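Peer 1: Have a peek at run_24.txt (compact mmCIF, N, CA and C atoms).
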# COMPACT_ATOMS: atom_id res chain seq x y z
N MET V 1 -22.44 68.31 51.93
CA MET V 1 -22.18 66.94 51.58
C MET V 1 -22.06 66.13 52.87
N SER V 2 -22.80 65.05 52.94
CA SER V 2 -22.79 64.24 54.15
C SER V 2 -21.52 63.40 54.25
N ALA V 3 -21.27 62.89 55.43
CA ALA V 3 -20.10 62.03 55.66
C ALA V 3 -20.20 60.77 54.80
N ASP V 4 -21.42 60.26 54.63
CA ASP V 4 -21.63 59.07 53.81
C ASP V 4 -21.22 59.33 52.35
N ARG V 5 -21.59 60.47 51.82
CA ARG V 5 -21.21 60.84 50.44
C ARG V 5 -19.70 60.94 50.31
N VAL V 6 -19.06 61.55 51.30
CA VAL V 6 -17.60 61.71 51.26
C VAL V 6 -16.92 60.34 51.28
N ILE V 7 -17.40 59.44 52.12
CA ILE V 7 -16.82 58.10 52.19
C ILE V 7 -17.00 57.37 50.86
N HIS V 8 -18.20 57.43 50.28
CA HIS V 8 -18.42 56.78 48.99
C HIS V 8 -17.50 57.38 47.92
N LEU V 9 -17.29 58.68 47.95
CA LEU V 9 -16.40 59.32 46.98
C LEU V 9 -14.95 58.88 47.17
N ILE V 10 -14.50 58.80 48.41
CA ILE V 10 -13.12 58.36 48.69
C ILE V 10 -12.91 56.92 48.20
N VAL V 11 -13.86 56.04 48.48
CA VAL V 11 -13.75 54.66 48.02
C VAL V 11 -13.76 54.62 46.49
N GLY V 12 -14.58 55.47 45.87
CA GLY V 12 -14.60 55.56 44.41
C GLY V 12 -13.28 56.01 43.83
N VAL V 13 -12.67 57.00 44.46
CA VAL V 13 -11.36 57.48 44.01
C VAL V 13 -10.34 56.35 44.09
N LEU V 14 -10.36 55.60 45.17
CA LEU V 14 -9.43 54.47 45.31
C LEU V 14 -9.65 53.43 44.22
N PHE V 15 -10.90 53.06 43.95
CA PHE V 15 -11.21 52.12 42.88
C PHE V 15 -10.67 52.64 41.55
N PHE V 16 -10.95 53.92 41.26
CA PHE V 16 -10.57 54.53 39.99
C PHE V 16 -9.05 54.55 39.82
N LEU V 17 -8.33 54.97 40.85
CA LEU V 17 -6.87 55.05 40.76
C LEU V 17 -6.23 53.68 40.63
N VAL V 18 -6.71 52.71 41.38
CA VAL V 18 -6.18 51.35 41.27
C VAL V 18 -6.44 50.79 39.88
N PHE V 19 -7.64 51.01 39.36
CA PHE V 19 -7.97 50.53 38.02
C PHE V 19 -7.06 51.16 36.97
N LEU V 20 -6.87 52.48 37.05
CA LEU V 20 -5.99 53.15 36.09
C LEU V 20 -4.57 52.59 36.17
N LYS V 21 -4.11 52.35 37.37
CA LYS V 21 -2.75 51.83 37.57
C LYS V 21 -2.60 50.43 36.97
N LEU V 22 -3.63 49.60 37.10
CA LEU V 22 -3.54 48.21 36.65
C LEU V 22 -3.99 47.99 35.20
N SER V 23 -4.54 49.02 34.55
CA SER V 23 -5.07 48.84 33.20
C SER V 23 -4.11 49.40 32.16
N ASN V 24 -4.52 49.20 30.91
CA ASN V 24 -3.69 49.67 29.80
C ASN V 24 -4.19 51.00 29.23
N ILE V 25 -4.91 51.75 30.02
CA ILE V 25 -5.45 53.03 29.56
C ILE V 25 -4.32 54.05 29.48
N LYS V 26 -4.24 54.70 28.32
CA LYS V 26 -3.26 55.78 28.16
C LYS V 26 -3.80 56.98 28.92
N ILE V 27 -3.10 57.37 29.94
CA ILE V 27 -3.60 58.41 30.84
C ILE V 27 -3.15 59.78 30.35
N ASP V 28 -4.12 60.64 30.16
CA ASP V 28 -3.83 62.05 29.94
C ASP V 28 -4.81 62.84 30.81
N ILE V 29 -4.66 64.13 30.86
CA ILE V 29 -5.45 64.95 31.77
C ILE V 29 -6.95 64.87 31.47
N LYS V 30 -7.31 64.77 30.20
CA LYS V 30 -8.73 64.68 29.85
C LYS V 30 -9.32 63.34 30.29
N VAL V 31 -8.57 62.27 30.10
CA VAL V 31 -9.04 60.95 30.53
C VAL V 31 -9.27 60.94 32.03
N VAL V 32 -8.31 61.46 32.77
CA VAL V 32 -8.44 61.48 34.22
C VAL V 32 -9.61 62.37 34.64
N THR V 33 -9.74 63.53 34.03
CA THR V 33 -10.81 64.46 34.40
C THR V 33 -12.18 63.89 34.08
N TYR V 34 -12.39 63.44 32.84
CA TYR V 34 -13.69 62.89 32.45
C TYR V 34 -14.01 61.63 33.24
N GLY V 35 -13.01 60.76 33.39
CA GLY V 35 -13.22 59.53 34.15
C GLY V 35 -13.54 59.80 35.60
N PHE V 36 -12.86 60.79 36.18
CA PHE V 36 -13.10 61.13 37.58
C PHE V 36 -14.51 61.68 37.77
N ILE V 37 -14.95 62.55 36.88
CA ILE V 37 -16.30 63.11 36.99
C ILE V 37 -17.34 62.00 36.86
N ALA V 38 -17.16 61.11 35.87
CA ALA V 38 -18.09 59.99 35.69
C ALA V 38 -18.07 59.07 36.91
N MET V 39 -16.88 58.85 37.48
CA MET V 39 -16.76 58.01 38.67
C MET V 39 -17.50 58.64 39.85
N ALA V 40 -17.35 59.96 40.02
CA ALA V 40 -18.02 60.63 41.13
C ALA V 40 -19.53 60.52 41.00
N ILE V 41 -20.04 60.66 39.78
CA ILE V 41 -21.48 60.50 39.55
C ILE V 41 -21.90 59.05 39.84
N GLY V 42 -21.07 58.11 39.43
CA GLY V 42 -21.36 56.69 39.68
C GLY V 42 -21.45 56.36 41.16
N THR V 43 -20.67 57.05 41.99
CA THR V 43 -20.75 56.78 43.44
C THR V 43 -22.04 57.31 44.03
N TRP V 44 -22.68 58.24 43.34
CA TRP V 44 -23.88 58.88 43.86
C TRP V 44 -25.18 58.25 43.35
N VAL V 45 -25.13 57.67 42.16
CA VAL V 45 -26.34 57.14 41.51
C VAL V 45 -27.13 56.14 42.36
N PRO V 46 -26.52 55.21 43.07
CA PRO V 46 -27.33 54.27 43.85
C PRO V 46 -28.22 54.95 44.88
N ASP V 47 -27.82 56.11 45.36
CA ASP V 47 -28.63 56.81 46.35
C ASP V 47 -29.75 57.65 45.73
N TRP V 48 -29.85 57.65 44.41
CA TRP V 48 -30.94 58.38 43.76
C TRP V 48 -32.30 57.78 44.07
N ASP V 49 -32.31 56.53 44.53
CA ASP V 49 -33.60 55.95 44.89
C ASP V 49 -34.28 56.74 46.01
N LEU V 50 -33.49 57.49 46.77
CA LEU V 50 -34.05 58.35 47.82
C LEU V 50 -34.80 59.53 47.21
N PHE V 51 -34.34 59.99 46.06
CA PHE V 51 -34.90 61.19 45.44
C PHE V 51 -35.95 60.89 44.38
N LEU V 52 -35.93 59.69 43.82
CA LEU V 52 -36.84 59.36 42.73
C LEU V 52 -38.18 58.84 43.20
N GLY V 53 -38.37 58.77 44.50
CA GLY V 53 -39.67 58.34 45.02
C GLY V 53 -39.93 56.86 44.88
N ILE V 54 -38.89 56.05 44.83
CA ILE V 54 -39.08 54.61 44.75
C ILE V 54 -39.73 54.11 46.04
N GLY V 55 -39.56 54.85 47.12
CA GLY V 55 -40.24 54.53 48.36
C GLY V 55 -39.37 53.90 49.42
N PHE V 56 -38.20 53.49 49.08
CA PHE V 56 -37.29 52.90 50.06
C PHE V 56 -35.87 53.04 49.55
N HIS V 57 -34.93 52.90 50.46
CA HIS V 57 -33.53 53.01 50.09
C HIS V 57 -32.92 51.63 49.89
N ARG V 58 -31.88 51.60 49.11
CA ARG V 58 -31.18 50.40 48.70
C ARG V 58 -32.07 49.48 47.88
N SER V 59 -32.65 50.09 46.86
CA SER V 59 -33.43 49.33 45.90
C SER V 59 -32.50 48.46 45.07
N PRO V 60 -32.91 47.23 44.74
CA PRO V 60 -32.08 46.41 43.85
C PRO V 60 -32.03 46.98 42.43
N ILE V 61 -32.87 47.93 42.14
CA ILE V 61 -32.83 48.58 40.83
C ILE V 61 -31.65 49.56 40.77
N SER V 62 -31.50 50.38 41.80
CA SER V 62 -30.41 51.37 41.79
C SER V 62 -29.11 50.80 42.36
N HIS V 63 -29.20 49.78 43.18
CA HIS V 63 -28.01 49.17 43.78
C HIS V 63 -27.64 47.89 43.03
N SER V 64 -27.47 48.04 41.72
CA SER V 64 -27.09 46.92 40.86
C SER V 64 -26.35 47.47 39.65
N ALA V 65 -26.06 46.62 38.70
CA ALA V 65 -25.38 47.04 37.47
C ALA V 65 -26.34 47.71 36.49
N LEU V 66 -27.63 47.68 36.76
CA LEU V 66 -28.63 48.23 35.84
C LEU V 66 -28.38 49.69 35.44
N PRO V 67 -28.08 50.60 36.37
CA PRO V 67 -27.80 51.98 35.93
C PRO V 67 -26.64 52.07 34.94
N ALA V 68 -25.63 51.21 35.08
CA ALA V 68 -24.50 51.22 34.15
C ALA V 68 -24.91 50.69 32.78
N VAL V 69 -25.79 49.71 32.76
CA VAL V 69 -26.28 49.18 31.49
C VAL V 69 -27.02 50.29 30.72
N ILE V 70 -27.85 51.02 31.42
CA ILE V 70 -28.60 52.11 30.79
C ILE V 70 -27.65 53.20 30.30
N LEU V 71 -26.73 53.63 31.15
CA LEU V 71 -25.79 54.67 30.74
C LEU V 71 -24.87 54.17 29.63
N GLY V 72 -24.45 52.93 29.70
CA GLY V 72 -23.59 52.36 28.65
C GLY V 72 -24.28 52.39 27.30
N TRP V 73 -25.55 52.07 27.27
CA TRP V 73 -26.30 52.12 26.02
C TRP V 73 -26.26 53.53 25.44
N ILE V 74 -26.45 54.54 26.29
CA ILE V 74 -26.43 55.94 25.83
C ILE V 74 -25.03 56.31 25.35
N ILE V 75 -24.02 55.98 26.12
CA ILE V 75 -22.64 56.35 25.79
C ILE V 75 -22.21 55.74 24.46
N PHE V 76 -22.49 54.47 24.25
CA PHE V 76 -22.04 53.81 23.03
C PHE V 76 -22.94 54.15 21.83
N LYS V 77 -24.20 54.42 22.07
CA LYS V 77 -25.09 54.83 20.98
C LYS V 77 -24.66 56.16 20.40
N PHE V 78 -24.26 57.09 21.25
CA PHE V 78 -23.86 58.42 20.80
C PHE V 78 -22.34 58.56 20.65
N LYS V 79 -21.64 57.43 20.72
CA LYS V 79 -20.19 57.39 20.50
C LYS V 79 -19.43 58.38 21.38
N LEU V 80 -19.80 58.40 22.65
CA LEU V 80 -19.11 59.22 23.63
C LEU V 80 -17.85 58.48 24.09
N PRO V 81 -16.91 59.17 24.70
CA PRO V 81 -15.67 58.50 25.13
C PRO V 81 -15.94 57.35 26.11
N PRO V 82 -15.34 56.18 25.84
CA PRO V 82 -15.57 55.02 26.71
C PRO V 82 -15.11 55.24 28.15
N VAL V 83 -14.20 56.18 28.38
CA VAL V 83 -13.74 56.42 29.75
C VAL V 83 -14.89 56.93 30.62
N LEU V 84 -15.90 57.52 30.03
CA LEU V 84 -17.08 57.94 30.80
C LEU V 84 -17.79 56.70 31.37
N PHE V 85 -17.92 55.68 30.53
CA PHE V 85 -18.56 54.45 30.97
C PHE V 85 -17.71 53.73 32.01
N ILE V 86 -16.41 53.67 31.77
CA ILE V 86 -15.50 53.00 32.72
C ILE V 86 -15.53 53.70 34.07
N GLY V 87 -15.42 55.02 34.06
CA GLY V 87 -15.45 55.78 35.31
C GLY V 87 -16.76 55.58 36.06
N PHE V 88 -17.87 55.64 35.33
CA PHE V 88 -19.18 55.45 35.95
C PHE V 88 -19.30 54.06 36.57
N CYS V 89 -18.88 53.04 35.81
CA CYS V 89 -18.94 51.66 36.33
C CYS V 89 -18.11 51.50 37.60
N LEU V 90 -16.93 52.09 37.60
CA LEU V 90 -16.06 51.96 38.78
C LEU V 90 -16.65 52.70 39.98
N GLY V 91 -17.24 53.86 39.75
CA GLY V 91 -17.88 54.59 40.85
C GLY V 91 -19.06 53.82 41.42
N LEU V 92 -19.89 53.28 40.54
CA LEU V 92 -21.04 52.49 40.97
C LEU V 92 -20.56 51.22 41.70
N SER V 93 -19.54 50.58 41.15
CA SER V 93 -18.99 49.38 41.78
C SER V 93 -18.46 49.68 43.17
N SER V 94 -17.77 50.80 43.31
CA SER V 94 -17.21 51.15 44.62
C SER V 94 -18.32 51.41 45.64
N HIS V 95 -19.41 52.01 45.20
CA HIS V 95 -20.55 52.26 46.10
C HIS V 95 -21.12 50.92 46.58
N LEU V 96 -21.33 50.01 45.66
CA LEU V 96 -21.89 48.71 46.03
C LEU V 96 -20.92 47.96 46.95
N PHE V 97 -19.63 48.04 46.65
CA PHE V 97 -18.62 47.39 47.48
C PHE V 97 -18.64 47.94 48.90
N TRP V 98 -18.71 49.27 49.03
CA TRP V 98 -18.74 49.86 50.37
C TRP V 98 -20.02 49.47 51.11
N ASP V 99 -21.11 49.36 50.38
CA ASP V 99 -22.36 48.94 51.02
C ASP V 99 -22.27 47.50 51.53
N ILE V 100 -21.46 46.67 50.91
CA ILE V 100 -21.24 45.31 51.42
C ILE V 100 -20.62 45.39 52.81
N ILE V 101 -19.64 46.23 52.95
CA ILE V 101 -18.89 46.34 54.20
C ILE V 101 -19.72 47.02 55.29
N TYR V 102 -20.41 48.08 54.92
CA TYR V 102 -21.02 48.93 55.94
C TYR V 102 -22.52 48.72 56.11
N TYR V 103 -23.24 48.40 55.05
CA TYR V 103 -24.70 48.30 55.16
C TYR V 103 -25.20 46.91 54.79
N GLY V 104 -25.26 46.63 53.52
CA GLY V 104 -25.65 45.30 53.05
C GLY V 104 -27.12 45.00 53.08
N ASN V 105 -27.98 45.98 53.26
CA ASN V 105 -29.40 45.73 53.34
C ASN V 105 -30.08 46.17 52.05
N VAL V 106 -30.23 45.25 51.10
CA VAL V 106 -30.90 45.55 49.85
C VAL V 106 -32.35 45.11 49.97
N GLN V 107 -33.25 46.00 49.64
CA GLN V 107 -34.68 45.70 49.72
C GLN V 107 -35.03 44.55 48.77
N TRP V 108 -36.06 43.82 49.10
CA TRP V 108 -36.59 42.70 48.33
C TRP V 108 -35.71 41.46 48.38
N ILE V 109 -34.56 41.54 49.05
CA ILE V 109 -33.69 40.38 49.17
C ILE V 109 -33.55 40.07 50.66
N SER V 110 -33.98 38.91 51.04
CA SER V 110 -33.98 38.60 52.46
C SER V 110 -32.63 38.05 52.90
N GLY V 111 -32.27 38.38 54.11
CA GLY V 111 -31.05 37.86 54.70
C GLY V 111 -29.83 38.70 54.39
N GLY V 112 -29.07 39.04 55.41
CA GLY V 112 -27.88 39.87 55.25
C GLY V 112 -26.85 39.26 54.31
N SER V 113 -26.67 37.95 54.35
CA SER V 113 -25.69 37.31 53.47
C SER V 113 -26.13 37.38 52.02
N ASN V 114 -27.41 37.19 51.76
CA ASN V 114 -27.92 37.27 50.40
C ASN V 114 -27.81 38.69 49.85
N ASP V 115 -28.08 39.68 50.70
CA ASP V 115 -27.93 41.08 50.29
C ASP V 115 -26.49 41.36 49.88
N ARG V 116 -25.59 40.93 50.71
CA ARG V 116 -24.17 41.19 50.43
C ARG V 116 -23.69 40.43 49.20
N LEU V 117 -24.19 39.23 49.00
CA LEU V 117 -23.85 38.46 47.82
C LEU V 117 -24.35 39.18 46.56
N PHE V 118 -25.57 39.68 46.60
CA PHE V 118 -26.13 40.44 45.48
C PHE V 118 -25.26 41.66 45.17
N LEU V 119 -24.88 42.40 46.20
CA LEU V 119 -24.03 43.59 46.01
C LEU V 119 -22.66 43.19 45.46
N PHE V 120 -22.08 42.12 45.98
CA PHE V 120 -20.76 41.67 45.53
C PHE V 120 -20.79 41.26 44.06
N ILE V 121 -21.78 40.48 43.69
CA ILE V 121 -21.88 40.03 42.29
C ILE V 121 -22.00 41.23 41.36
N ASN V 122 -22.86 42.17 41.70
CA ASN V 122 -23.03 43.36 40.85
C ASN V 122 -21.78 44.22 40.82
N SER V 123 -21.11 44.37 41.96
CA SER V 123 -19.87 45.13 42.01
C SER V 123 -18.80 44.48 41.14
N ALA V 124 -18.67 43.17 41.23
CA ALA V 124 -17.68 42.44 40.42
C ALA V 124 -18.01 42.54 38.94
N ILE V 125 -19.28 42.42 38.58
CA ILE V 125 -19.70 42.55 37.17
C ILE V 125 -19.27 43.90 36.62
N LEU V 126 -19.44 44.96 37.41
CA LEU V 126 -19.07 46.30 36.95
C LEU V 126 -17.57 46.45 36.73
N VAL V 127 -16.77 45.85 37.59
CA VAL V 127 -15.31 45.90 37.41
C VAL V 127 -14.91 45.10 36.17
N VAL V 128 -15.50 43.94 35.98
CA VAL V 128 -15.19 43.12 34.81
C VAL V 128 -15.61 43.85 33.53
N ILE V 129 -16.77 44.45 33.52
CA ILE V 129 -17.22 45.22 32.35
C ILE V 129 -16.24 46.35 32.07
N SER V 130 -15.78 47.03 33.10
CA SER V 130 -14.81 48.11 32.92
C SER V 130 -13.53 47.59 32.27
N LYS V 131 -13.07 46.44 32.73
CA LYS V 131 -11.85 45.85 32.18
C LYS V 131 -12.06 45.42 30.73
N VAL V 132 -13.19 44.82 30.43
CA VAL V 132 -13.49 44.40 29.05
C VAL V 132 -13.52 45.61 28.12
N VAL V 133 -14.21 46.67 28.52
CA VAL V 133 -14.28 47.88 27.70
C VAL V 133 -12.89 48.48 27.54
N SER V 134 -12.11 48.49 28.60
CA SER V 134 -10.75 49.01 28.54
C SER V 134 -9.89 48.19 27.57
N ASN V 135 -10.01 46.88 27.62
CA ASN V 135 -9.21 46.01 26.74
C ASN V 135 -9.65 46.10 25.29
N ARG V 136 -10.93 46.27 25.04
CA ARG V 136 -11.44 46.33 23.67
C ARG V 136 -11.23 47.67 23.01
N THR V 137 -10.88 48.65 23.79
CA THR V 137 -10.59 49.97 23.25
C THR V 137 -9.08 50.06 23.17
N SER V 138 -8.56 50.07 21.94
CA SER V 138 -7.11 50.00 21.76
C SER V 138 -6.40 51.12 22.48
N HIS V 139 -7.01 52.28 22.52
CA HIS V 139 -6.45 53.39 23.28
C HIS V 139 -7.61 54.29 23.68
N ILE V 140 -7.65 54.61 24.92
CA ILE V 140 -8.72 55.48 25.40
C ILE V 140 -8.12 56.87 25.52
N ARG V 141 -8.47 57.67 24.57
CA ARG V 141 -8.01 59.05 24.55
C ARG V 141 -9.19 59.91 24.17
N LEU V 142 -9.18 61.10 24.64
CA LEU V 142 -10.27 62.01 24.31
C LEU V 142 -9.88 62.96 23.17
N SER V 143 -8.60 63.07 22.91
CA SER V 143 -8.17 63.92 21.80
C SER V 143 -8.17 63.10 20.51
N ARG V 144 -8.30 63.76 19.39
CA ARG V 144 -8.35 63.07 18.10
C ARG V 144 -7.00 63.07 17.41
N ALA V 145 -5.97 62.82 18.16
CA ALA V 145 -4.62 62.87 17.58
C ALA V 145 -4.32 61.65 16.75
Reformat the file's structure so that it appears as structure tokens.
Peer 2:
Amino acid sequence: MSADRVIHLIVGVLFFLVFLKLSNIKIDIKVVTYGFIAMAIGTWVPDWDLFLGIGFHRSPISHSALPAVILGWIIFKFKLPPVLFIGFCLGLSSHLFWDIIYYGNVQWISGGSNDRLFLFINSAILVVISKVVSNRTSHIRLSRA
């Protein structure tokens, strides 16, 4: 695991823990475990453009809210636990946020400020979506109690 991956994971953990602390999610071990796994995957997804042959890194396709929209459709279509979507969104958001600070070079968008603005808007959208899903789910639990 590269240093970059570790940093993205650490930032993701911070996003996830702060969100859990500030939200109304009923925390149990399954919620934390499933959410953490989804968050870790979310921190990695933007870098998949390196492996999918898109041809360049920091594609606006992978470095945006689009992967969360696609995953959200799958999660809600198959009635999977919403904490998977929340964790994924927070991981993806944390990756984009860290890229604002450290990189900020999104392909097809000219100018460092415009790149960072694009990343910030998408990162903020993902946090807001996480909060909306959290609020609309009366209780996020994985057990059927």
Peer 1: For atom N of Lys30 in chain V and CA of Phe16 in chain V, quote the distance in Å rounded to one decimal.
Peer 2: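 Separation of atom N of Lys30 in chain V and CA of Phe16 in chain V: 14.5 Å.
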Peer 1: I'd like the neighbourhood of Val133 in chain V as a list in words, where a residue qualifies if any of its atoms comes within 8 Å (using only N, CA and C atoms), though same-chain residues fewer than 4 positions away should be ignored.
Peer 2: Pro82, Val83, Ile86, Val127, Val128, Ile129, Thr137 and Ser138 of chain V
Peer 1: Please list as a ChimeraX atom specification every residue within 10 Å of Phe88 in chain V, counting only C-alpha atoms and excluding residues in the same chain fewer than 2 positions away.
Peer 2: /V:12,16,34-45,67-68,71-72,82-86,90-94,126,130
Peer 1: Give me, please, the distance in Å between atom C of Ser64 in chain V and CA of Cys89 in chain V, quoted to one decimal.
Peer 2: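 Interatomic distance here is 9.1 Å.
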Peer 1: For Ile61 in chain V, which residue out of V:Ile75, V:Val31, V:Ile25, V:Ile109 is the nearest one, using only C-alpha atoms?
Peer 2: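 Checking each candidate against Ile61 in chain V, we get V:Ile109 as the closest.
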Peer 1: Extract, using all atoms listed in the file, all DNA, RNA and protein residues at most 8 Å from Gln107 in chain V, discarding same-chain residues fewer than 4 positions from it, and format them as number ranges by chain.
Peer 2: V: 56-61, 115
Peer 1: Could you tell me how far CA of Arg5 in chain V sits from CA of Lys26 in chain V, in Å to one decimal place?
Peer 2: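 Value for the CA of Lys26 in chain V-CA of Arg5 in chain V distance: 29.1 Å.
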Peer 1: Which polymer residues, protein or nucleic acid, are no farther than 12 Å from (-17.4, 48.5, 56.6), counting only C-alpha atoms, as a list in words?
Peer 2: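 The residues near that point, listed by chain and number, are Asp4, Ile7, His8, Val11, His95, Leu96, Phe97, Trp98, Asp99, Ile100, Ile101, Tyr102, Tyr103, Gly104 and Arg116 of chain V.
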Peer 1: For N, CA and C atoms, I'd like the residues from the last selection saved as a short mmCIF file (atom, residue, chain, number, x, y, z; two decimals), in the frame of the given file.
Peer 2:
data_model
loop_
_atom_site.label_atom_id
_atom_site.label_comp_id
_atom_site.auth_asym_id
_atom_site.auth_seq_id
_atom_site.Cartn_x
_atom_site.Cartn_y
_atom_site.Cartn_z
N ASP V 4 -21.42 60.26 54.63
CA ASP V 4 -21.63 59.07 53.81
C ASP V 4 -21.22 59.33 52.35
N ILE V 7 -17.40 59.44 52.12
CA ILE V 7 -16.82 58.10 52.19
C ILE V 7 -17.00 57.37 50.86
N HIS V 8 -18.20 57.43 50.28
CA HIS V 8 -18.42 56.78 48.99
C HIS V 8 -17.50 57.38 47.92
N VAL V 11 -13.86 56.04 48.48
CA VAL V 11 -13.75 54.66 48.02
C VAL V 11 -13.76 54.62 46.49
N HIS V 95 -19.41 52.01 45.20
CA HIS V 95 -20.55 52.26 46.10
C HIS V 95 -21.12 50.92 46.58
N LEU V 96 -21.33 50.01 45.66
CA LEU V 96 -21.89 48.71 46.03
C LEU V 96 -20.92 47.96 46.95
N PHE V 97 -19.63 48.04 46.65
CA PHE V 97 -18.62 47.39 47.48
C PHE V 97 -18.64 47.94 48.90
N TRP V 98 -18.71 49.27 49.03
CA TRP V 98 -18.74 49.86 50.37
C TRP V 98 -20.02 49.47 51.11
N ASP V 99 -21.11 49.36 50.38
CA ASP V 99 -22.36 48.94 51.02
C ASP V 99 -22.27 47.50 51.53
N ILE V 100 -21.46 46.67 50.91
CA ILE V 100 -21.24 45.31 51.42
C ILE V 100 -20.62 45.39 52.81
N ILE V 101 -19.64 46.23 52.95
CA ILE V 101 -18.89 46.34 54.20
C ILE V 101 -19.72 47.02 55.29
N TYR V 102 -20.41 48.08 54.92
CA TYR V 102 -21.02 48.93 55.94
C TYR V 102 -22.52 48.72 56.11
N TYR V 103 -23.24 48.40 55.05
CA TYR V 103 -24.70 48.30 55.16
C TYR V 103 -25.20 46.91 54.79
N GLY V 104 -25.26 46.63 53.52
CA GLY V 104 -25.65 45.30 53.05
C GLY V 104 -27.12 45.00 53.08
N ARG V 116 -25.59 40.93 50.71
CA ARG V 116 -24.17 41.19 50.43
C ARG V 116 -23.69 40.43 49.20
#
